[in-house]
file structure.tsv (TSV, C-alpha atoms)
chain	number	residue	atom	x	y	z
A	135	MET	CA	15.41	-32.64	48.84
A	136	LEU	CA	11.64	-32.49	48.53
A	137	GLY	CA	10.19	-31.01	51.72
A	138	ASN	CA	7.28	-32.32	53.76
A	139	PHE	CA	3.86	-31.02	52.77
A	140	SER	CA	0.15	-31.65	52.56
A	141	TYR	CA	-1.88	-31.06	49.41
A	142	LYS	CA	-5.58	-30.76	48.69
A	143	ASN	CA	-7.49	-28.90	46.02
A	144	ALA	CA	-11.24	-29.20	46.26
A	145	THR	CA	-12.21	-27.08	43.21
A	146	LYS	CA	-14.02	-28.99	40.49
A	147	LEU	CA	-13.13	-27.81	36.98
A	148	TYR	CA	-15.14	-27.97	33.78
A	149	PHE	CA	-12.89	-27.22	30.81
A	150	GLY	CA	-13.66	-26.80	27.11
A	151	ASP	CA	-15.87	-25.04	24.60
A	152	ASP	CA	-19.04	-26.70	25.92
A	153	SER	CA	-18.18	-26.31	29.61
A	154	LEU	CA	-20.87	-23.74	30.43
A	155	LYS	CA	-23.57	-26.40	30.17
A	156	TYR	CA	-22.20	-27.94	33.38
A	157	LEU	CA	-23.45	-24.94	35.32
A	158	ASN	CA	-26.76	-26.83	35.19
A	159	ASP	CA	-25.14	-29.63	37.19
A	160	GLU	CA	-23.80	-27.31	39.87
A	161	LEU	CA	-26.67	-24.90	40.52
A	162	PRO	CA	-29.04	-27.44	42.16
A	163	LYS	CA	-26.46	-27.89	44.96
A	164	TYR	CA	-27.03	-24.35	46.26
A	165	GLY	CA	-29.88	-22.19	47.48
A	166	LYS	CA	-32.14	-19.94	45.46
A	167	ASN	CA	-30.29	-16.59	45.69
A	168	VAL	CA	-27.30	-16.24	43.36
A	169	GLN	CA	-25.17	-13.09	43.50
A	170	LEU	CA	-23.94	-12.60	39.93
A	171	ILE	CA	-20.56	-10.85	40.07
A	172	TYR	CA	-18.96	-9.27	37.01
A	173	GLY	CA	-16.96	-6.27	35.87
A	174	GLY	CA	-17.55	-3.44	33.46
A	175	GLY	CA	-20.12	-5.10	31.23
A	176	SER	CA	-18.04	-6.75	28.50
A	177	ILE	CA	-19.88	-10.01	29.18
A	178	LYS	CA	-23.07	-8.27	28.05
A	179	LYS	CA	-21.48	-7.21	24.76
A	180	ASN	CA	-20.13	-10.66	23.92
A	181	GLY	CA	-23.29	-12.55	24.90
A	182	ILE	CA	-21.87	-14.53	27.84
A	183	TYR	CA	-24.11	-12.68	30.29
A	184	ASP	CA	-27.30	-13.69	28.44
A	185	GLU	CA	-26.22	-17.33	28.31
A	186	ILE	CA	-25.58	-17.41	32.05
A	187	VAL	CA	-28.76	-15.57	32.98
A	188	LYS	CA	-30.82	-18.05	30.94
A	189	ILE	CA	-29.23	-20.99	32.75
A	190	LEU	CA	-29.83	-19.33	36.14
A	191	LYS	CA	-33.48	-18.66	35.31
A	192	ASP	CA	-33.99	-22.15	33.92
A	193	ASN	CA	-32.78	-23.44	37.28
A	194	GLY	CA	-35.23	-21.23	39.17
A	195	LYS	CA	-32.62	-18.92	40.72
A	196	ASN	CA	-33.10	-15.36	41.93
A	197	ILE	CA	-30.38	-13.26	40.30
A	198	ILE	CA	-28.78	-10.60	42.49
A	199	GLU	CA	-26.72	-8.22	40.36
A	200	ASP	CA	-23.28	-7.22	41.61
A	201	ALA	CA	-21.60	-5.47	38.68
A	202	GLY	CA	-18.71	-3.04	38.40
A	203	VAL	CA	-15.88	-5.09	39.87
A	204	MET	CA	-12.76	-3.16	38.86
A	205	PRO	CA	-9.43	-4.67	37.71
A	206	ASN	CA	-7.97	-4.03	41.19
A	207	PRO	CA	-10.94	-4.59	43.54
A	208	THR	CA	-11.09	-1.99	46.30
A	209	ILE	CA	-12.05	-2.25	49.94
A	210	GLU	CA	-15.01	0.05	49.18
A	211	LYS	CA	-16.27	-2.35	46.51
A	212	LEU	CA	-15.78	-5.25	48.92
A	213	ARG	CA	-17.95	-3.50	51.50
A	214	ASP	CA	-20.62	-2.90	48.85
A	215	GLY	CA	-20.58	-6.60	47.95
A	216	ILE	CA	-20.90	-7.60	51.60
A	217	LYS	CA	-23.96	-5.39	51.95
A	218	ILE	CA	-25.53	-6.80	48.77
A	219	ALA	CA	-25.01	-10.36	50.04
A	220	ARG	CA	-26.39	-9.62	53.49
A	221	ASP	CA	-29.42	-7.70	52.22
A	222	ASN	CA	-30.34	-10.43	49.74
A	223	LYS	CA	-29.41	-13.50	51.81
A	224	THR	CA	-27.07	-14.72	49.07
A	225	ASP	CA	-26.63	-18.50	48.82
A	226	LEU	CA	-23.99	-18.64	46.04
A	227	LEU	CA	-21.47	-16.09	44.80
A	228	LEU	CA	-21.03	-16.62	41.04
A	229	ALA	CA	-18.06	-14.68	39.64
A	230	VAL	CA	-17.96	-14.17	35.87
A	231	GLY	CA	-14.75	-12.57	34.63
A	232	GLY	CA	-11.04	-12.70	35.32
A	233	GLY	CA	-9.03	-12.97	38.48
A	234	SER	CA	-10.31	-9.71	39.92
A	235	CYS	CA	-13.90	-10.97	39.94
A	236	CYS	CA	-12.84	-14.32	41.40
A	237	ASP	CA	-10.67	-12.66	44.07
A	238	TYR	CA	-13.47	-10.26	44.96
A	239	ALA	CA	-15.98	-13.10	45.28
A	240	LYS	CA	-13.69	-14.97	47.68
A	241	ALA	CA	-13.16	-11.83	49.75
A	242	VAL	CA	-16.93	-11.36	49.97
A	243	SER	CA	-17.37	-15.03	50.86
A	244	VAL	CA	-15.25	-14.77	54.01
A	245	SER	CA	-16.64	-11.37	55.02
A	246	VAL	CA	-20.44	-11.63	54.80
A	247	ASN	CA	-20.77	-13.40	58.14
A	248	CYS	CA	-17.72	-11.78	59.73
A	249	ASP	CA	-18.47	-9.43	62.64
A	250	GLU	CA	-15.13	-7.62	62.32
A	251	ASP	CA	-13.75	-5.24	59.71
A	252	PRO	CA	-12.51	-7.51	56.87
A	253	TRP	CA	-9.62	-5.22	55.93
A	254	ASP	CA	-8.20	-5.24	59.45
A	255	LYS	CA	-8.87	-8.92	60.08
A	256	TYR	CA	-7.75	-10.43	56.77
A	257	TYR	CA	-5.39	-7.89	55.18
A	258	ILE	CA	-3.65	-6.27	58.13
A	259	ARG	CA	-3.64	-9.04	60.75
A	260	PHE	CA	-3.77	-11.88	58.16
A	261	GLU	CA	-6.17	-13.93	60.28
A	262	GLU	CA	-8.25	-16.82	58.98
A	263	PRO	CA	-12.05	-16.71	58.86
A	264	THR	CA	-13.86	-17.93	61.96
A	265	CYS	CA	-17.34	-17.44	60.48
A	266	ASP	CA	-19.47	-19.32	57.97
A	267	ILE	CA	-18.14	-18.93	54.42
A	268	LEU	CA	-20.39	-18.47	51.39
A	269	PRO	CA	-19.68	-20.85	48.48
A	270	VAL	CA	-18.08	-19.40	45.34
A	271	GLY	CA	-18.29	-20.52	41.74
A	272	CYS	CA	-16.27	-19.01	38.88
A	273	ILE	CA	-16.86	-18.68	35.14
A	274	LEU	CA	-13.56	-17.53	33.69
A	275	THR	CA	-13.25	-14.98	30.87
A	276	MET	CA	-9.55	-14.15	31.28
A	277	ALA	CA	-6.60	-16.47	31.90
A	278	GLY	CA	-3.86	-15.30	34.21
A	279	THR	CA	-4.35	-15.28	37.94
A	280	GLY	CA	-5.20	-18.91	38.65
A	281	SER	CA	-7.81	-17.54	41.06
A	282	GLU	CA	-10.30	-20.06	39.70
A	283	MET	CA	-8.54	-22.87	41.57
A	284	ASN	CA	-6.94	-21.29	44.62
A	285	ALA	CA	-7.88	-19.49	47.82
A	286	GLY	CA	-6.16	-16.16	47.18
A	287	ALA	CA	-7.91	-12.78	47.20
A	288	VAL	CA	-6.14	-9.46	46.53
A	289	ILE	CA	-7.78	-6.20	47.66
A	290	THR	CA	-6.62	-2.59	47.23
A	291	ASN	CA	-6.99	0.16	49.81
A	292	HIS	CA	-6.35	3.45	48.00
A	293	GLU	CA	-6.64	5.52	51.17
A	294	GLN	CA	-3.80	3.57	52.77
A	295	LYS	CA	-2.01	3.09	49.40
A	296	LEU	CA	-1.83	-0.64	49.99
A	297	LYS	CA	-2.62	-3.59	47.71
A	298	ILE	CA	-2.51	-6.82	49.67
A	299	GLY	CA	-3.27	-10.45	48.94
A	300	HIS	CA	-4.41	-13.00	51.47
A	301	VAL	CA	-4.14	-16.70	50.67
A	302	PHE	CA	-6.89	-18.29	52.73
A	303	GLY	CA	-7.35	-21.95	53.63
A	304	GLU	CA	-8.68	-24.60	51.26
A	305	GLU	CA	-12.28	-24.04	52.41
A	306	VAL	CA	-12.26	-20.69	50.55
A	307	MET	CA	-11.36	-22.24	47.18
A	308	PRO	CA	-14.14	-22.02	44.58
A	309	ARG	CA	-16.46	-25.02	44.73
A	310	PHE	CA	-16.41	-25.17	40.93
A	311	SER	CA	-14.93	-23.25	38.01
A	312	ILE	CA	-15.94	-23.23	34.35
A	313	LEU	CA	-13.13	-22.64	31.84
A	314	ASN	CA	-14.11	-22.05	28.22
A	315	PRO	CA	-11.11	-20.78	26.22
A	316	ARG	CA	-13.44	-19.12	23.70
A	317	PHE	CA	-14.67	-16.80	26.45
A	318	THR	CA	-11.17	-15.26	26.47
A	319	PHE	CA	-11.13	-14.40	22.74
A	320	SER	CA	-12.76	-10.98	23.14
A	321	LEU	CA	-10.10	-9.71	25.56
A	322	PRO	CA	-8.05	-6.74	24.32
A	323	LYS	CA	-4.53	-7.83	23.38
A	324	ARG	CA	-2.94	-5.85	26.24
A	325	GLN	CA	-5.09	-7.71	28.77
A	326	MET	CA	-4.23	-11.04	27.18
A	327	VAL	CA	-0.47	-10.45	27.36
A	328	ALA	CA	-0.73	-9.07	30.91
A	329	GLY	CA	-2.40	-12.35	31.85
A	330	ILE	CA	0.31	-14.33	30.07
A	331	TYR	CA	3.04	-12.62	32.05
A	332	ASP	CA	1.09	-13.04	35.29
A	333	ILE	CA	1.05	-16.79	34.60
A	334	PHE	CA	4.77	-16.85	33.85
A	335	ASN	CA	5.66	-14.97	37.00
A	336	HIS	CA	3.47	-17.20	39.17
A	337	ILE	CA	5.64	-20.08	38.02
A	338	CYS	CA	8.86	-18.11	38.57
A	339	GLU	CA	7.86	-17.12	42.10
A	340	GLN	CA	7.70	-20.78	43.06
A	341	TYR	CA	10.58	-22.02	40.88
A	342	PHE	CA	13.18	-19.52	42.11
A	343	SER	CA	13.15	-20.71	45.69
A	344	GLY	CA	14.16	-23.57	47.93
A	345	GLU	CA	16.02	-26.70	46.90
A	346	ASP	CA	16.81	-27.73	43.32
A	347	ASP	CA	15.95	-30.91	41.49
A	348	ASN	CA	12.57	-31.76	42.91
A	349	THR	CA	9.51	-32.77	40.93
A	350	SER	CA	7.92	-29.33	41.34
A	351	ASP	CA	10.82	-27.77	39.38
A	352	TYR	CA	10.46	-30.17	36.46
A	353	ILE	CA	6.73	-29.46	36.27
A	354	ALA	CA	7.41	-25.71	36.46
A	355	GLU	CA	9.89	-25.86	33.57
A	356	ALA	CA	7.41	-27.74	31.39
A	357	LEU	CA	4.69	-25.21	32.18
A	358	MET	CA	6.98	-22.30	31.31
A	359	LYS	CA	8.00	-23.86	27.99
A	360	SER	CA	4.38	-24.55	27.09
A	361	LEU	CA	3.40	-20.98	27.95
A	362	ILE	CA	6.24	-19.42	25.94
A	363	HIS	CA	5.32	-21.52	22.90
A	364	SER	CA	1.58	-20.77	23.08
A	365	SER	CA	2.06	-17.08	23.88
A	366	LEU	CA	3.98	-16.47	20.66
A	367	ILE	CA	1.15	-18.07	18.69
A	368	ALA	CA	-1.57	-16.17	20.56
A	369	VAL	CA	-0.05	-12.70	20.06
A	370	GLU	CA	-0.10	-13.32	16.30
A	371	ASP	CA	-3.43	-15.15	16.22
A	372	PRO	CA	-5.52	-14.31	19.33
A	373	GLU	CA	-8.34	-16.68	18.28
A	374	ASN	CA	-6.12	-19.73	17.94
A	375	TYR	CA	-8.11	-22.11	20.12
A	376	GLU	CA	-5.26	-24.51	20.82
A	377	ALA	CA	-2.92	-21.74	21.97
A	378	ARG	CA	-5.56	-19.99	24.09
A	379	SER	CA	-6.69	-23.27	25.66
A	380	ASN	CA	-3.12	-24.21	26.58
A	381	ILE	CA	-2.56	-20.75	28.07
A	382	MET	CA	-5.76	-21.07	30.10
A	383	TRP	CA	-4.84	-24.54	31.40
A	384	THR	CA	-1.29	-23.45	32.22
A	385	ALA	CA	-2.67	-20.49	34.19
A	386	THR	CA	-4.68	-22.83	36.38
A	387	TRP	CA	-1.77	-25.18	37.09
A	388	ALA	CA	0.62	-22.28	37.67
A	389	LEU	CA	-1.18	-21.24	40.85
A	390	ASN	CA	-3.42	-24.03	42.11
A	391	THR	CA	-0.75	-24.76	44.77
A	392	LEU	CA	0.59	-27.94	43.09
A	393	ILE	CA	4.04	-26.69	42.03
A	394	SER	CA	4.59	-24.90	45.33
A	395	ARG	CA	4.74	-28.24	47.15
A	396	GLY	CA	8.17	-28.78	48.62
A	397	LYS	CA	9.19	-25.19	47.83
A	398	SER	CA	9.66	-22.20	50.13
A	399	THR	CA	8.37	-19.87	47.34
A	400	ASP	CA	9.50	-16.27	46.82
A	401	TRP	CA	6.67	-13.83	45.84
A	402	MET	CA	8.79	-10.67	46.10
A	403	VAL	CA	8.06	-9.69	42.48
A	404	HIS	CA	4.40	-9.78	43.47
A	405	MET	CA	5.00	-7.79	46.64
A	406	ILE	CA	6.90	-5.07	44.75
A	407	GLY	CA	4.47	-5.14	41.82
A	408	GLN	CA	1.43	-4.88	44.08
A	409	ALA	CA	2.97	-1.92	45.88
A	410	VAL	CA	3.44	-0.24	42.49
A	411	GLY	CA	-0.19	-1.06	41.66
A	412	ALA	CA	-1.39	0.57	44.87
A	413	TYR	CA	0.07	3.87	43.61
A	414	THR	CA	-0.66	3.58	39.88
A	415	ASP	CA	-3.70	1.26	39.70
A	416	ALA	CA	-1.90	-0.34	36.75
A	417	THR	CA	-2.81	-3.75	35.37
A	418	HIS	CA	-1.42	-6.42	37.69
A	419	GLY	CA	0.49	-8.46	35.11
A	420	MET	CA	2.15	-5.31	33.80
A	421	THR	CA	3.37	-4.28	37.25
A	422	LEU	CA	5.00	-7.71	37.53
A	423	SER	CA	6.70	-7.51	34.15
A	424	ALA	CA	7.97	-4.01	34.90
A	425	VAL	CA	9.87	-5.03	38.05
A	426	SER	CA	10.83	-8.63	37.26
A	427	LEU	CA	14.13	-8.22	35.44
A	428	PRO	CA	15.66	-5.71	37.89
A	429	TYR	CA	14.62	-8.00	40.75
A	430	TYR	CA	15.92	-11.22	39.19
A	431	ARG	CA	19.21	-9.61	38.14
A	432	TYR	CA	19.66	-8.42	41.71
A	433	VAL	CA	18.99	-11.79	43.39
A	434	MET	CA	20.62	-13.95	40.70
A	435	PRO	CA	24.02	-14.23	42.49
A	436	TYR	CA	22.25	-15.70	45.53
A	437	GLY	CA	20.53	-18.41	43.46
A	438	LEU	CA	23.01	-18.79	40.63
A	439	LYS	CA	22.60	-22.54	40.27
A	440	LYS	CA	18.85	-22.23	39.63
A	441	PHE	CA	19.22	-19.27	37.27
A	442	LYS	CA	21.76	-21.29	35.24
A	443	ARG	CA	19.33	-24.21	35.12
A	444	PHE	CA	16.53	-21.81	34.09
A	445	ALA	CA	18.67	-20.61	31.17
A	446	GLU	CA	19.55	-24.10	30.02
A	447	GLU	CA	16.22	-25.89	30.53
A	448	VAL	CA	13.69	-23.15	29.69
A	449	TRP	CA	15.59	-21.02	27.14
A	450	ASN	CA	17.94	-23.66	25.66
A	451	ILE	CA	21.07	-21.63	26.40
A	452	SER	CA	24.27	-23.61	25.78
A	453	SER	CA	26.84	-23.48	28.57
A	454	ASN	CA	29.77	-24.27	26.27
A	455	GLY	CA	32.67	-21.97	27.12
A	456	LEU	CA	30.57	-19.79	29.43
A	457	SER	CA	30.76	-19.30	33.18
A	458	ASP	CA	27.71	-20.08	35.28
A	459	GLU	CA	27.05	-16.37	35.67
A	460	GLN	CA	27.25	-15.79	31.92
A	461	VAL	CA	24.81	-18.62	31.25
A	462	ALA	CA	22.39	-17.25	33.85
A	463	ASN	CA	22.60	-13.77	32.33
A	464	GLU	CA	21.94	-15.15	28.86
A	465	GLY	CA	18.80	-16.81	30.25
A	466	LEU	CA	17.52	-13.50	31.60
A	467	LYS	CA	18.32	-11.83	28.25
A	468	ALA	CA	16.26	-14.50	26.48
A	469	MET	CA	13.42	-13.89	28.93
A	470	GLU	CA	13.69	-10.14	28.25
A	471	ASN	CA	13.52	-10.69	24.48
A	472	TRP	CA	10.41	-12.84	24.89
A	473	MET	CA	8.76	-10.22	27.11
A	474	LYS	CA	9.41	-7.53	24.49
A	475	LYS	CA	8.10	-9.79	21.74
A	476	ILE	CA	4.76	-10.36	23.44
A	477	GLY	CA	4.51	-6.68	24.40
A	478	VAL	CA	4.44	-6.40	28.20
A	479	ALA	CA	5.51	-3.33	30.18
A	480	MET	CA	9.27	-3.20	30.70
A	481	ASN	CA	9.45	-0.40	33.28
A	482	ILE	CA	7.22	1.20	35.90
A	483	SER	CA	7.47	4.66	34.31
A	484	GLU	CA	5.20	3.57	31.47
A	485	LEU	CA	2.66	2.51	34.14
A	486	GLY	CA	2.59	6.00	35.65
A	487	ALA	CA	5.13	5.58	38.45
A	488	THR	CA	7.43	8.53	39.10
A	489	GLU	CA	10.59	8.97	41.11
A	490	ASP	CA	8.75	10.81	43.87
A	491	MET	CA	6.63	7.68	44.44
A	492	ILE	CA	9.63	5.43	45.09
A	493	ASP	CA	9.82	5.95	48.86
A	494	GLY	CA	6.09	5.35	49.30
A	495	ILE	CA	6.12	2.23	47.11
A	496	THR	CA	9.13	0.96	49.05
A	497	GLU	CA	7.33	1.40	52.36
A	498	GLY	CA	4.23	-0.29	50.96
A	499	THR	CA	6.17	-3.40	49.90
A	500	LEU	CA	5.78	-6.39	52.21
A	501	ILE	CA	9.07	-8.23	52.75
A	502	LEU	CA	8.87	-12.03	52.54
A	503	GLU	CA	11.57	-14.56	53.37
A	504	GLY	CA	11.05	-17.44	50.93
A	505	GLY	CA	13.42	-16.38	48.16
A	506	TYR	CA	17.18	-16.57	47.72
A	507	LYS	CA	17.76	-13.19	49.38
A	508	VAL	CA	15.70	-11.46	52.07
A	509	LEU	CA	15.62	-7.86	50.88
A	510	THR	CA	16.05	-4.75	52.95
A	511	LYS	CA	13.98	-1.65	52.29
A	512	ASP	CA	17.04	-0.01	50.77
A	513	GLU	CA	17.47	-2.93	48.35
A	514	ILE	CA	13.81	-2.67	47.34
A	515	ARG	CA	14.37	1.05	46.71
A	516	GLN	CA	17.36	0.23	44.47
A	517	ILE	CA	15.33	-2.32	42.49
A	518	LEU	CA	12.49	0.18	42.03
A	519	LYS	CA	14.89	2.84	40.77
A	520	LYS	CA	16.26	0.38	38.22
A	521	SER	CA	12.63	-0.39	37.24
A	522	LEU	CA	11.86	3.23	36.35

call {"tool": "encode", "arguments": {"input": "structure.tsv", "output": "structure tokens"}}
result
Amino acid sequence: MLGNFSYKNATKLYFGDDSLKYLNDELPKYGKNVQLIYGGGSIKKNGIYDEIVKILKDNGKNIIEDAGVMPNPTIEKLRDGIKIARDNKTDLLLAVGGGSCCDYAKAVSVSVNCDEDPWDKYYIRFEEPTCDILPVGCILTMAGTGSEMNAGAVITNHEQKLKIGHVFGEEVMPRFSILNPRFTFSLPKRQMVAGIYDIFNHICEQYFSGEDDNTSDYIAEALMKSLIHSSLIAVEDPENYEARSNIMWTATWALNTLISRGKSTDWMVHMIGQAVGAYTDATHGMTLSAVSLPYYRYVMPYGLKKFKRFAEEVWNISSNGLSDEQVANEGLKAMENWMKKIGVAMNISELGATEDMIDGITEGTLILEGGYKVLTKDEIRQILKKSL
């Protein structure tokens, strides 16, 4: 049965190889001071930075530089960004990069006018903003997180060894996002495949939960099949525009809240993966791939019907002569083969995790209740040991 829900997504998207020109349509809606947020400088090497700066200047904007956003944005970086925005009276936060830049911009947006510590308010107490929120725009250079069309923001606190995401209300969603698949071509292959797995797991987190046979599940299966098909093309030919554009579009639909409607949603792979990331600072998508199979094999008996359907509908596994459990296992084997083929991390050891970290990672894992099995800390510990 499809549950009761509300749905709204206010982000306006511009998609395609000429989409950057629409920045000219958006900029007049905001004030003069634009905080330009980006990472390590790759956008300067590939020319994207110069294109954006020209458009900003042509529109009479003051450009406030906010560079150096790391792959896992830290609370220290967030506090730096808040100070930059306050000191310069920022009117628009313009994030250029992947999900980390978009997440960081949203975290800054809810914190600039907040009179409390943002870590305590948003990431420990999980409260909603009660202050004015700065508008955010995104120009995407990596497909994976879906952050360009949702209200999530993940921040890492190394001192506390915690990596936590907060999904804010719809008012925190980017006002607009620009998606040019060609902007993703210069990504290193490892970053591309990490993004691909992040997309896949976003779909899984919503699919493996709640009731079967609702519209959200059928959409999820189509998205997974599209992603699998395009990923195999992209790993062989990273500049295949059709494959990269389909991956980018799938990433957006995987986490813009549409396919979560009517679902309880799981998110335990993310909780375990983020806890691993807090210790290793490993690439997000790789932490997910490293813990996924041990987690899904553990919870499969509690959601056997859905895992059987996953095998049949996504991986084309025939059920002839096989038990439901055998079919479900064959589906996870097919998923494992695909993961190896595209080249994602298959265990947390290759990400730098060691056995002596297991207890700390276990304690840093938030336990959610939306999946087929509510885990205990001891069960999380078992899954982590199998992920080594």

call {"tool": "closest_residue", "arguments": {"input": "structure.tsv", "among": "A:Pro428, A:Gly465, A:Pro315, A:Gly232", "to": "Met480 of chain A", "atoms": "all atoms listed in the file"}}
result
A:Pro428

call {"tool": "atom_distance", "arguments": {"input": "structure.tsv", "atom1": "atom CA of His336 of chain A", "atom2": "atom CA of Met276 of chain A"}}
result
15.5 Å

call {"tool": "closest_residue", "arguments": {"input": "structure.tsv", "among": "A:Asp214, A:Glu489, A:Glu293, A:Asp266", "to": "Ile171 of chain A", "atoms": "all atoms listed in the file"}}
result
A:Asp214

call {"tool": "closest_residue", "arguments": {"input": "structure.tsv", "among": "A:Ile362, A:Leu485, A:Val242, A:Ile353", "to": "Leu226 of chain A", "atoms": "all atoms listed in the file"}}
result
A:Val242

call {"tool": "residues_around", "arguments": {"input": "structure.tsv", "residues": "Tyr331 of chain A", "least_positions_apart": "3", "cutoff": "8 Å", "atoms": "all atoms listed in the file", "output": "short mmCIF file (atom, residue, chain, number, x, y, z; two decimals) with C-alpha atoms, in the frame of the given file"}}
result
data_model
loop_
_atom_site.label_atom_id
_atom_site.label_comp_id
_atom_site.auth_asym_id
_atom_site.auth_seq_id
_atom_site.Cartn_x
_atom_site.Cartn_y
_atom_site.Cartn_z
CA GLY A 278 -3.86 -15.30 34.21
CA VAL A 327 -0.47 -10.45 27.36
CA ALA A 328 -0.73 -9.07 30.91
CA PHE A 334 4.77 -16.85 33.85
CA ASN A 335 5.66 -14.97 37.00
CA GLY A 419 0.49 -8.46 35.11
CA MET A 420 2.15 -5.31 33.80
CA LEU A 422 5.00 -7.71 37.53
CA SER A 423 6.70 -7.51 34.15
CA MET A 473 8.76 -10.22 27.11
CA VAL A 478 4.44 -6.40 28.20
#

call {"tool": "residues_around", "arguments": {"input": "structure.tsv", "residues": "Thr386 of chain A", "least_positions_apart": "5", "cutoff": "9 Å", "atoms": "all atoms listed in the file", "output": "ChimeraX atom specification"}}
result
/A:277-284,333,381

call {"tool": "decode", "arguments": {"input": "structure.tsv", "residues": "segment 297-308 of chain A", "atoms": "N, CA and C atoms", "output": "mmCIF file, in the first residue's frame"}}
result
data_model
loop_
_atom_site.group_PDB
_atom_site.id
_atom_site.type_symbol
_atom_site.label_atom_id
_atom_site.label_comp_id
_atom_site.auth_asym_id
_atom_site.auth_seq_id
_atom_site.Cartn_x
_atom_site.Cartn_y
_atom_site.Cartn_z
ATOM 1 N N LYS A 297 30.595 11.961 11.410
ATOM 2 C CA LYS A 297 30.196 12.497 10.107
ATOM 3 C C LYS A 297 28.686 12.341 10.034
ATOM 4 N N ILE A 298 27.996 13.463 9.998
ATOM 5 C CA ILE A 298 26.538 13.443 10.174
ATOM 6 C C ILE A 298 25.856 14.257 9.071
ATOM 7 N N GLY A 299 24.768 13.735 8.576
ATOM 8 C CA GLY A 299 23.961 14.465 7.607
ATOM 9 C C GLY A 299 22.665 14.947 8.228
ATOM 10 N N HIS A 300 22.263 16.127 7.850
ATOM 11 C CA HIS A 300 20.965 16.655 8.271
ATOM 12 C C HIS A 300 20.172 16.955 7.003
ATOM 13 N N VAL A 301 18.983 16.392 6.907
ATOM 14 C CA VAL A 301 18.082 16.701 5.797
ATOM 15 C C VAL A 301 17.132 17.785 6.282
ATOM 16 N N PHE A 302 17.344 18.987 5.804
ATOM 17 C CA PHE A 302 16.550 20.135 6.231
ATOM 18 C C PHE A 302 15.214 20.169 5.484
ATOM 19 N N GLY A 303 14.432 21.192 5.758
ATOM 20 C CA GLY A 303 13.155 21.367 5.081
ATOM 21 C C GLY A 303 13.333 21.910 3.669
ATOM 22 N N GLU A 304 12.243 21.947 2.928
ATOM 23 C CA GLU A 304 12.286 22.307 1.507
ATOM 24 C C GLU A 304 12.833 23.713 1.254
ATOM 25 N N GLU A 305 12.749 24.586 2.273
ATOM 26 C CA GLU A 305 13.231 25.960 2.079
ATOM 27 C C GLU A 305 14.752 26.023 1.940
ATOM 28 N N VAL A 306 15.454 24.935 2.269
ATOM 29 C CA VAL A 306 16.913 24.906 2.174
ATOM 30 C C VAL A 306 17.369 24.348 0.819
ATOM 31 N N MET A 307 16.473 23.803 0.047
ATOM 32 C CA MET A 307 16.839 23.285 -1.275
ATOM 33 C C MET A 307 17.431 24.402 -2.132
ATOM 34 N N PRO A 308 18.400 24.089 -2.994
ATOM 35 C CA PRO A 308 18.929 25.114 -3.891
ATOM 36 C C PRO A 308 17.806 25.767 -4.693
#
